[in-house]
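One structure below.
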Amino acid sequence: MATAPRLRLATAKTGDHPLIHGLLVSVFHGPTAAEFQAQLDEPGYEPADRLIVKDGDEIAAHLRLARQTIQLGTATLPAARFMDLATATAYRGRGLATAVLAAGQRVAAERGVLVGLTRTRVPSLFARQGWSVCGQHVFSTASPRAVLAQLAVDAAAESMQETSPLARLHKEPILVRPLRRIDLRAVVRLYEQALPGQTGWPMRSESYWEWLLARGACDRVYVASTSPDSADFEELLASIVGYACVRQSRLVELITAPNHSEVARHLAERVCADAREQDGWIVRYDAPTADPLHDLFRRAGGQLTVNQELGGELFMAKLLDPLAALRHLCGVFAQRAAQQKDVKLPAEVGIELRSGGGRKTSGVSGIIERFRVHLSRKKARIETGGPSKHTIALAYSDLAPLLLGDLNAEAMIQNGRLKPTTGRARQLAAALFAGAPWWRPPLDDLLA
């Protein structure tokens, strides 16, 4: 920055949008004009959500902050996706990307954001500022014809197991049809029913859903209903027990109502039938690793992919305010501790965040911050300072995957990334940080 005094960092204004779009197209060969306009139309968007480095009237670098609230078990966390980090070709090598990323973290923290999230092909840039790999690409692929054949085999086997013809006769019919605008409230309901207890899923308002579906990232959205069309609007909405968002031959998101897991097979059948008619060779299904449809794809001769990196892209995260994030999750900690019968309460465990790798860092200078987690039978509280007799030490960047549930304490102890001072510290860490199925639905990040 010192070698180019004309460069200045600023938040974007409406008039900067055309130049920003031009920069993104020159660097990423996208987004299209329609997709860029969709970004501007996102509910809650403000031009100030974009940070830019300007050189006179030119845009030298850019970063977009897309705010979200994410579910984390029984709690929620304010988050921001750090997106479209770009530097114009003529300005590379001057540290602009580093500067605008640092500024983005400060701005997000000032706005109350506790966790930053990104998908990036330059992980080293983010790692230098304390970000850590967090999350995996998880999806199954299989031939649509093979999936349809396996569904037919499963249906025949299920029919053979039915002992009563009357039971087969009264089996609830499932009708799969394209989404209509009047069905949107049902889609919102289904997603909100599935949201509690998830880890990493974003909260979506009805206006956000309208924007999400209108921007054209998905070719089709199907709903599954237990009855034909009804003149009663509320009855019509209540009959919808599942939905599937599809992009070409990719099943991006599939949600079913509680106690209606069998509906997933009907939705998958419709998507595979479409792919077969369009001569598609492969159907892809994105979902957490525990989703039962992965087993269907496996039995159809398909493959499950679970990788941190895909096409050079990784998911990363950073806690922008560790103390505030810990305090935000006090209720979760209290609940987890109370559920462990072998954990004696009250208890205290210290957390030492260090600039290096766990307790290998020597000297006080290596410690960034110390916290103490106090646990009782009904609540938990977080205090600063220490040291504590029972302590876990880890690198600052490793707190994000631990707190968000992507990695559990035991796994981090095994690979040397987390060091407990005592057996009691290890027991408490295992209780509080047992890990969770961290999953970021891809629907929100798809380009039109």
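Chain labels run A, B, ... following the order of the structure tokens; each chain numbers its residues from 1, and ligands are numbered from 1 in the order shown.
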Note to self: Can you tell me, as a PyMOL selection string, which residues in stretch 58-136 of chain A count as helix (DSSP H, G or I) by DSSP?
What the structure shows: chain A and resi 89-91+96-110+123-127
Could you dump the residues just selected with C-alpha atoms as a tab-separated table (two decimals), in the first residue's frame?
chain	number	residue	atom	x	y	z
A	89	THR	CA	-4.22	-8.05	-12.78
A	90	ALA	CA	-2.31	-4.76	-12.90
A	91	TYR	CA	-2.36	-4.43	-9.11
A	96	LEU	CA	-4.14	-5.72	-1.74
A	97	ALA	CA	-5.95	-9.03	-1.22
A	98	THR	CA	-4.38	-9.35	2.23
A	99	ALA	CA	-5.33	-5.78	3.12
A	100	VAL	CA	-8.93	-6.02	1.94
A	101	LEU	CA	-9.38	-9.38	3.71
A	102	ALA	CA	-8.07	-7.90	6.98
A	103	ALA	CA	-10.39	-4.93	6.54
A	104	GLY	CA	-13.31	-7.25	5.84
A	105	GLN	CA	-12.69	-9.10	9.09
A	106	ARG	CA	-12.63	-5.82	11.04
A	107	VAL	CA	-15.82	-4.55	9.40
A	108	ALA	CA	-17.65	-7.85	9.92
A	109	ALA	CA	-16.62	-7.96	13.60
A	110	GLU	CA	-17.78	-4.37	14.09
A	123	PRO	CA	-6.27	-21.19	1.20
A	124	SER	CA	-2.78	-19.92	2.03
A	125	LEU	CA	-3.98	-16.31	1.84
A	126	PHE	CA	-6.72	-16.98	4.40
A	127	ALA	CA	-4.53	-19.24	6.57
Item checked: Contacts of stretch 274-279 of chain A within 8 Å, only C-alpha atoms, excl. fewer than 2 positions in-chain, as a PyMOL selection string -> chain A and resi 144-145+248-249+270-272+281-283
Can I get the selected residues back with all heavy atoms, as a PDB file, in the first residue's frame?
ATOM      1  N   PRO A 144     -28.312 -42.512 -13.524  1.00  0.00           N
ATOM      2  CA  PRO A 144     -29.744 -42.388 -13.229  1.00  0.00           C
ATOM      3  C   PRO A 144     -30.504 -43.677 -13.517  1.00  0.00           C
ATOM      4  O   PRO A 144     -31.444 -44.027 -12.797  1.00  0.00           O
ATOM      5  CB  PRO A 144     -30.204 -41.240 -14.121  1.00  0.00           C
ATOM      6  CG  PRO A 144     -29.164 -41.110 -15.188  1.00  0.00           C
ATOM      7  CD  PRO A 144     -27.891 -41.538 -14.547  1.00  0.00           C
ATOM      8  N   ARG A 145     -30.101 -44.387 -14.573  1.00  0.00           N
ATOM      9  CA  ARG A 145     -30.766 -45.656 -14.896  1.00  0.00           C
ATOM     10  C   ARG A 145     -30.533 -46.686 -13.798  1.00  0.00           C
ATOM     11  O   ARG A 145     -31.437 -47.444 -13.433  1.00  0.00           O
ATOM     12  CB  ARG A 145     -30.257 -46.179 -16.235  1.00  0.00           C
ATOM     13  CG  ARG A 145     -30.731 -45.358 -17.428  1.00  0.00           C
ATOM     14  CD  ARG A 145     -30.040 -45.764 -18.720  1.00  0.00           C
ATOM     15  NE  ARG A 145     -30.605 -45.074 -19.873  1.00  0.00           N
ATOM     16  CZ  ARG A 145     -30.306 -43.829 -20.202  1.00  0.00           C
ATOM     17  NH1 ARG A 145     -29.431 -43.141 -19.482  1.00  0.00           N
ATOM     18  NH2 ARG A 145     -30.870 -43.255 -21.262  1.00  0.00           N
ATOM     19  N   GLN A 248     -29.696 -28.918 -13.410  1.00  0.00           N
ATOM     20  CA  GLN A 248     -29.362 -29.893 -14.445  1.00  0.00           C
ATOM     21  C   GLN A 248     -29.552 -31.303 -13.881  1.00  0.00           C
ATOM     22  O   GLN A 248     -30.654 -31.671 -13.532  1.00  0.00           O
ATOM     23  CB  GLN A 248     -27.949 -29.626 -14.969  1.00  0.00           C
ATOM     24  CG  GLN A 248     -27.813 -28.264 -15.646  1.00  0.00           C
ATOM     25  CD  GLN A 248     -26.418 -27.930 -16.074  1.00  0.00           C
ATOM     26  OE1 GLN A 248     -25.458 -28.606 -15.735  1.00  0.00           O
ATOM     27  NE2 GLN A 248     -26.284 -26.843 -16.832  1.00  0.00           N
ATOM     28  N   SER A 249     -28.490 -32.107 -13.754  1.00  0.00           N
ATOM     29  CA  SER A 249     -28.643 -33.453 -13.194  1.00  0.00           C
ATOM     30  C   SER A 249     -28.075 -33.520 -11.775  1.00  0.00           C
ATOM     31  O   SER A 249     -27.683 -34.585 -11.302  1.00  0.00           O
ATOM     32  CB  SER A 249     -27.929 -34.486 -14.079  1.00  0.00           C
ATOM     33  OG  SER A 249     -28.573 -34.581 -15.336  1.00  0.00           O
ATOM     34  N   ARG A 270     -37.989 -39.038  -9.464  1.00  0.00           N
ATOM     35  CA  ARG A 270     -38.380 -38.042 -10.463  1.00  0.00           C
ATOM     36  C   ARG A 270     -37.147 -37.380 -11.088  1.00  0.00           C
ATOM     37  O   ARG A 270     -37.073 -37.212 -12.318  1.00  0.00           O
ATOM     38  CB  ARG A 270     -39.272 -36.974  -9.801  1.00  0.00           C
ATOM     39  CG  ARG A 270     -39.697 -35.845 -10.742  1.00  0.00           C
ATOM     40  CD  ARG A 270     -40.527 -36.362 -11.918  1.00  0.00           C
ATOM     41  NE  ARG A 270     -40.920 -35.291 -12.798  1.00  0.00           N
ATOM     42  CZ  ARG A 270     -42.091 -34.639 -12.736  1.00  0.00           C
ATOM     43  NH1 ARG A 270     -42.979 -34.962 -11.804  1.00  0.00           N
ATOM     44  NH2 ARG A 270     -42.388 -33.676 -13.572  1.00  0.00           N
ATOM     45  N   VAL A 271     -36.165 -37.045 -10.269  1.00  0.00           N
ATOM     46  CA  VAL A 271     -34.955 -36.394 -10.777  1.00  0.00           C
ATOM     47  C   VAL A 271     -34.184 -37.342 -11.692  1.00  0.00           C
ATOM     48  O   VAL A 271     -33.700 -36.944 -12.755  1.00  0.00           O
ATOM     49  CB  VAL A 271     -34.069 -35.922  -9.609  1.00  0.00           C
ATOM     50  CG1 VAL A 271     -32.739 -35.371 -10.115  1.00  0.00           C
ATOM     51  CG2 VAL A 271     -34.792 -34.852  -8.785  1.00  0.00           C
ATOM     52  N   CYS A 272     -34.083 -38.605 -11.318  1.00  0.00           N
ATOM     53  CA  CYS A 272     -33.368 -39.588 -12.147  1.00  0.00           C
ATOM     54  C   CYS A 272     -34.114 -39.869 -13.447  1.00  0.00           C
ATOM     55  O   CYS A 272     -33.499 -40.076 -14.503  1.00  0.00           O
ATOM     56  CB  CYS A 272     -33.161 -40.882 -11.363  1.00  0.00           C
ATOM     57  SG  CYS A 272     -31.939 -40.745 -10.046  1.00  0.00           S
ATOM     58  N   TRP A 281     -25.772 -39.012 -18.043  1.00  0.00           N
ATOM     59  CA  TRP A 281     -25.022 -40.204 -17.654  1.00  0.00           C
ATOM     60  C   TRP A 281     -24.876 -40.317 -16.137  1.00  0.00           C
ATOM     61  O   TRP A 281     -24.736 -41.397 -15.600  1.00  0.00           O
ATOM     62  CB  TRP A 281     -23.623 -40.163 -18.282  1.00  0.00           C
ATOM     63  CG  TRP A 281     -23.645 -40.402 -19.753  1.00  0.00           C
ATOM     64  CD1 TRP A 281     -23.682 -39.454 -20.731  1.00  0.00           C
ATOM     65  CD2 TRP A 281     -23.645 -41.663 -20.422  1.00  0.00           C
ATOM     66  NE1 TRP A 281     -23.714 -40.032 -21.968  1.00  0.00           N
ATOM     67  CE2 TRP A 281     -23.682 -41.402 -21.812  1.00  0.00           C
ATOM     68  CE3 TRP A 281     -23.618 -42.987 -19.993  1.00  0.00           C
ATOM     69  CZ2 TRP A 281     -23.691 -42.407 -22.759  1.00  0.00           C
ATOM     70  CZ3 TRP A 281     -23.618 -43.991 -20.936  1.00  0.00           C
ATOM     71  CH2 TRP A 281     -23.656 -43.707 -22.305  1.00  0.00           C
ATOM     72  N   ILE A 282     -24.870 -39.163 -15.468  1.00  0.00           N
ATOM     73  CA  ILE A 282     -24.597 -39.143 -14.034  1.00  0.00           C
ATOM     74  C   ILE A 282     -25.585 -38.224 -13.328  1.00  0.00           C
ATOM     75  O   ILE A 282     -25.908 -37.142 -13.826  1.00  0.00           O
ATOM     76  CB  ILE A 282     -23.157 -38.650 -13.759  1.00  0.00           C
ATOM     77  CG1 ILE A 282     -22.142 -39.665 -14.278  1.00  0.00           C
ATOM     78  CG2 ILE A 282     -22.934 -38.413 -12.271  1.00  0.00           C
ATOM     79  CD1 ILE A 282     -22.118 -40.993 -13.529  1.00  0.00           C
ATOM     80  N   VAL A 283     -26.061 -38.658 -12.182  1.00  0.00           N
ATOM     81  CA  VAL A 283     -26.819 -37.808 -11.276  1.00  0.00           C
ATOM     82  C   VAL A 283     -25.984 -37.601 -10.023  1.00  0.00           C
ATOM     83  O   VAL A 283     -25.381 -38.552  -9.501  1.00  0.00           O
ATOM     84  CB  VAL A 283     -28.174 -38.442 -10.895  1.00  0.00           C
ATOM     85  CG1 VAL A 283     -28.821 -37.683  -9.735  1.00  0.00           C
ATOM     86  CG2 VAL A 283     -29.111 -38.437 -12.089  1.00  0.00           C
TER      87      VAL A 283
END
Next item on the list: Between atom CA of A:Gly435 and atom CA of A:Leu418, measure the distance and give it in Å to one decimal.
Entry: 13.9 Å
Notebook entry, point to check: Which residues come within 8 Å of A:Ala186, counting only C-alpha atoms, excluding same-chain residues fewer than 2 positions away, as a PyMOL selection string?
Noted result: chain A and resi 183-184+188-190+237-238+240
Check: What does the distance between atom CA of A:Ser388 and atom CA of A:Pro346 come to in Å, to one decimal place?
Finding: 14.4 Å
Next item on the list: Fewer than 3 positions away in the same chain doesn't count, so skip those; otherwise give me all residues within 9 Å of A:Pro31, counting only C-alpha atoms, as a VMD selection string.
Entry: chain A and resid 21 24 to 25 28 34 to 36 447 to 448
Could you take the residues named above and write them with N, CA, C and O atoms, as an mmCIF file, in the first residue's frame?
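Result went into out-v3.cif, see below:
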data_model
loop_
_atom_site.group_PDB
_atom_site.id
_atom_site.type_symbol
_atom_site.label_atom_id
_atom_site.label_comp_id
_atom_site.auth_asym_id
_atom_site.auth_seq_id
_atom_site.Cartn_x
_atom_site.Cartn_y
_atom_site.Cartn_z
ATOM 1 N N HIS A 21 -18.492 -5.139 -11.131
ATOM 2 C CA HIS A 21 -18.868 -6.253 -12.013
ATOM 3 C C HIS A 21 -17.799 -6.470 -13.087
ATOM 4 O O HIS A 21 -17.418 -7.608 -13.394
ATOM 5 N N LEU A 24 -14.855 -8.342 -11.531
ATOM 6 C CA LEU A 24 -15.137 -9.748 -11.287
ATOM 7 C C LEU A 24 -15.143 -10.553 -12.582
ATOM 8 O O LEU A 24 -14.638 -11.678 -12.635
ATOM 9 N N VAL A 25 -15.681 -9.982 -13.634
ATOM 10 C CA VAL A 25 -15.696 -10.672 -14.929
ATOM 11 C C VAL A 25 -14.276 -10.846 -15.461
ATOM 12 O O VAL A 25 -13.917 -11.908 -15.992
ATOM 13 N N PHE A 28 -12.727 -13.588 -12.812
ATOM 14 C CA PHE A 28 -13.386 -14.894 -12.693
ATOM 15 C C PHE A 28 -14.165 -15.309 -13.941
ATOM 16 O O PHE A 28 -14.744 -16.396 -13.966
ATOM 17 N N ALA A 34 -26.981 -11.014 -15.094
ATOM 18 C CA ALA A 34 -28.180 -11.422 -14.355
ATOM 19 C C ALA A 34 -27.828 -11.879 -12.944
ATOM 20 O O ALA A 34 -28.523 -11.547 -11.980
ATOM 21 N N GLU A 35 -26.745 -12.654 -12.808
ATOM 22 C CA GLU A 35 -26.335 -13.116 -11.493
ATOM 23 C C GLU A 35 -25.858 -11.953 -10.626
ATOM 24 O O GLU A 35 -26.147 -11.899 -9.424
ATOM 25 N N PHE A 36 -25.126 -11.009 -11.212
ATOM 26 C CA PHE A 36 -24.677 -9.851 -10.431
ATOM 27 C C PHE A 36 -25.871 -9.031 -9.950
ATOM 28 O O PHE A 36 -25.907 -8.582 -8.800
ATOM 29 N N LEU A 447 -24.290 -20.207 -8.484
ATOM 30 C CA LEU A 447 -24.455 -19.095 -9.385
ATOM 31 C C LEU A 447 -25.576 -19.378 -10.371
ATOM 32 O O LEU A 447 -25.843 -20.535 -10.707
ATOM 33 N N ALA A 448 -26.240 -18.332 -10.827
ATOM 34 C CA ALA A 448 -27.323 -18.514 -11.803
ATOM 35 C C ALA A 448 -26.757 -18.961 -13.137
ATOM 36 O O ALA A 448 -25.598 -18.705 -13.450
#
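Residues in contact range of A:Ala324, defined as at most 12 Å between only C-alpha atoms, with sequence neighbours fewer than 3 positions away removed, read Leu77, Pro78, Ala109, Gly112, Val113, Leu114, Val115, Leu319, Leu320, Asp321, Arg327, His328, Leu329, Cys330, Phe371, Arg381, Ile382, Glu383 and Thr384 of chain A.
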Check: Where does DSSP see strand (DSSP E) in stretch 228-283 of chain A, if you list the residues as a ChimeraX atom specification?
Finding: /A:240-247,250-256,283
Deliver the residues from the most recent selection as a file, using N, CA and C atoms, as an mmCIF file, in the first residue's frame.
data_model
loop_
_atom_site.group_PDB
_atom_site.id
_atom_site.type_symbol
_atom_site.label_atom_id
_atom_site.label_comp_id
_atom_site.auth_asym_id
_atom_site.auth_seq_id
_atom_site.Cartn_x
_atom_site.Cartn_y
_atom_site.Cartn_z
ATOM 1 N N ILE A 240 -48.031 -31.042 1.423
ATOM 2 C CA ILE A 240 -46.676 -31.064 0.858
ATOM 3 C C ILE A 240 -45.704 -31.552 1.931
ATOM 4 N N VAL A 241 -45.059 -32.688 1.647
ATOM 5 C CA VAL A 241 -44.218 -33.347 2.659
ATOM 6 C C VAL A 241 -42.755 -33.474 2.221
ATOM 7 N N GLY A 242 -42.373 -32.785 1.159
ATOM 8 C CA GLY A 242 -40.984 -32.826 0.731
ATOM 9 C C GLY A 242 -40.749 -31.923 -0.462
ATOM 10 N N TYR A 243 -39.491 -31.523 -0.663
ATOM 11 C CA TYR A 243 -39.136 -30.739 -1.849
ATOM 12 C C TYR A 243 -37.720 -31.107 -2.276
ATOM 13 N N ALA A 244 -37.432 -30.849 -3.538
ATOM 14 C CA ALA A 244 -36.096 -31.103 -4.086
ATOM 15 C C ALA A 244 -35.733 -29.974 -5.043
ATOM 16 N N CYS A 245 -34.541 -29.391 -4.853
ATOM 17 C CA CYS A 245 -34.022 -28.349 -5.739
ATOM 18 C C CYS A 245 -32.999 -28.988 -6.675
ATOM 19 N N VAL A 246 -33.161 -28.761 -7.974
ATOM 20 C CA VAL A 246 -32.364 -29.468 -8.976
ATOM 21 C C VAL A 246 -31.697 -28.475 -9.916
ATOM 22 N N ARG A 247 -30.413 -28.713 -10.192
ATOM 23 C CA ARG A 247 -29.689 -27.940 -11.201
ATOM 24 C C ARG A 247 -29.133 -28.929 -12.212
ATOM 25 N N ARG A 250 -28.071 -32.406 -11.082
ATOM 26 C CA ARG A 250 -27.542 -32.335 -9.721
ATOM 27 C C ARG A 250 -28.677 -32.063 -8.740
ATOM 28 N N LEU A 251 -28.881 -32.979 -7.818
ATOM 29 C CA LEU A 251 -29.892 -32.820 -6.793
ATOM 30 C C LEU A 251 -29.238 -32.034 -5.652
ATOM 31 N N VAL A 252 -29.475 -30.741 -5.643
ATOM 32 C CA VAL A 252 -28.735 -29.822 -4.776
ATOM 33 C C VAL A 252 -29.224 -29.873 -3.332
ATOM 34 N N GLU A 253 -30.536 -29.962 -3.154
ATOM 35 C CA GLU A 253 -31.090 -29.966 -1.790
ATOM 36 C C GLU A 253 -32.391 -30.748 -1.793
ATOM 37 N N LEU A 254 -32.528 -31.642 -0.821
ATOM 38 C CA LEU A 254 -33.733 -32.450 -0.693
ATOM 39 C C LEU A 254 -34.118 -32.505 0.782
ATOM 40 N N ILE A 255 -35.323 -32.064 1.103
ATOM 41 C CA ILE A 255 -35.810 -32.031 2.488
ATOM 42 C C ILE A 255 -37.172 -32.712 2.534
ATOM 43 N N THR A 256 -37.383 -33.540 3.542
ATOM 44 C CA THR A 256 -38.694 -34.166 3.741
ATOM 45 C C THR A 256 -39.222 -33.827 5.124
ATOM 46 N N VAL A 283 -26.061 -38.658 -12.182
ATOM 47 C CA VAL A 283 -26.819 -37.808 -11.276
ATOM 48 C C VAL A 283 -25.984 -37.601 -10.023
#
Next item on the list: Could you give me, as JSON, numbers by chain, the residues within 7 Å of stretch 400-406 of chain A, counting only C-alpha atoms and dropping anything in the same chain fewer than 3 positions from it?
Entry: {"A": [134, 135, 317, 318, 319, 397, 409, 433, 435, 436, 437, 438]}
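Rounded to one decimal, atom CA of A:Thr76 and atom CA of A:Phe333 lie 13.3 Å from each other.
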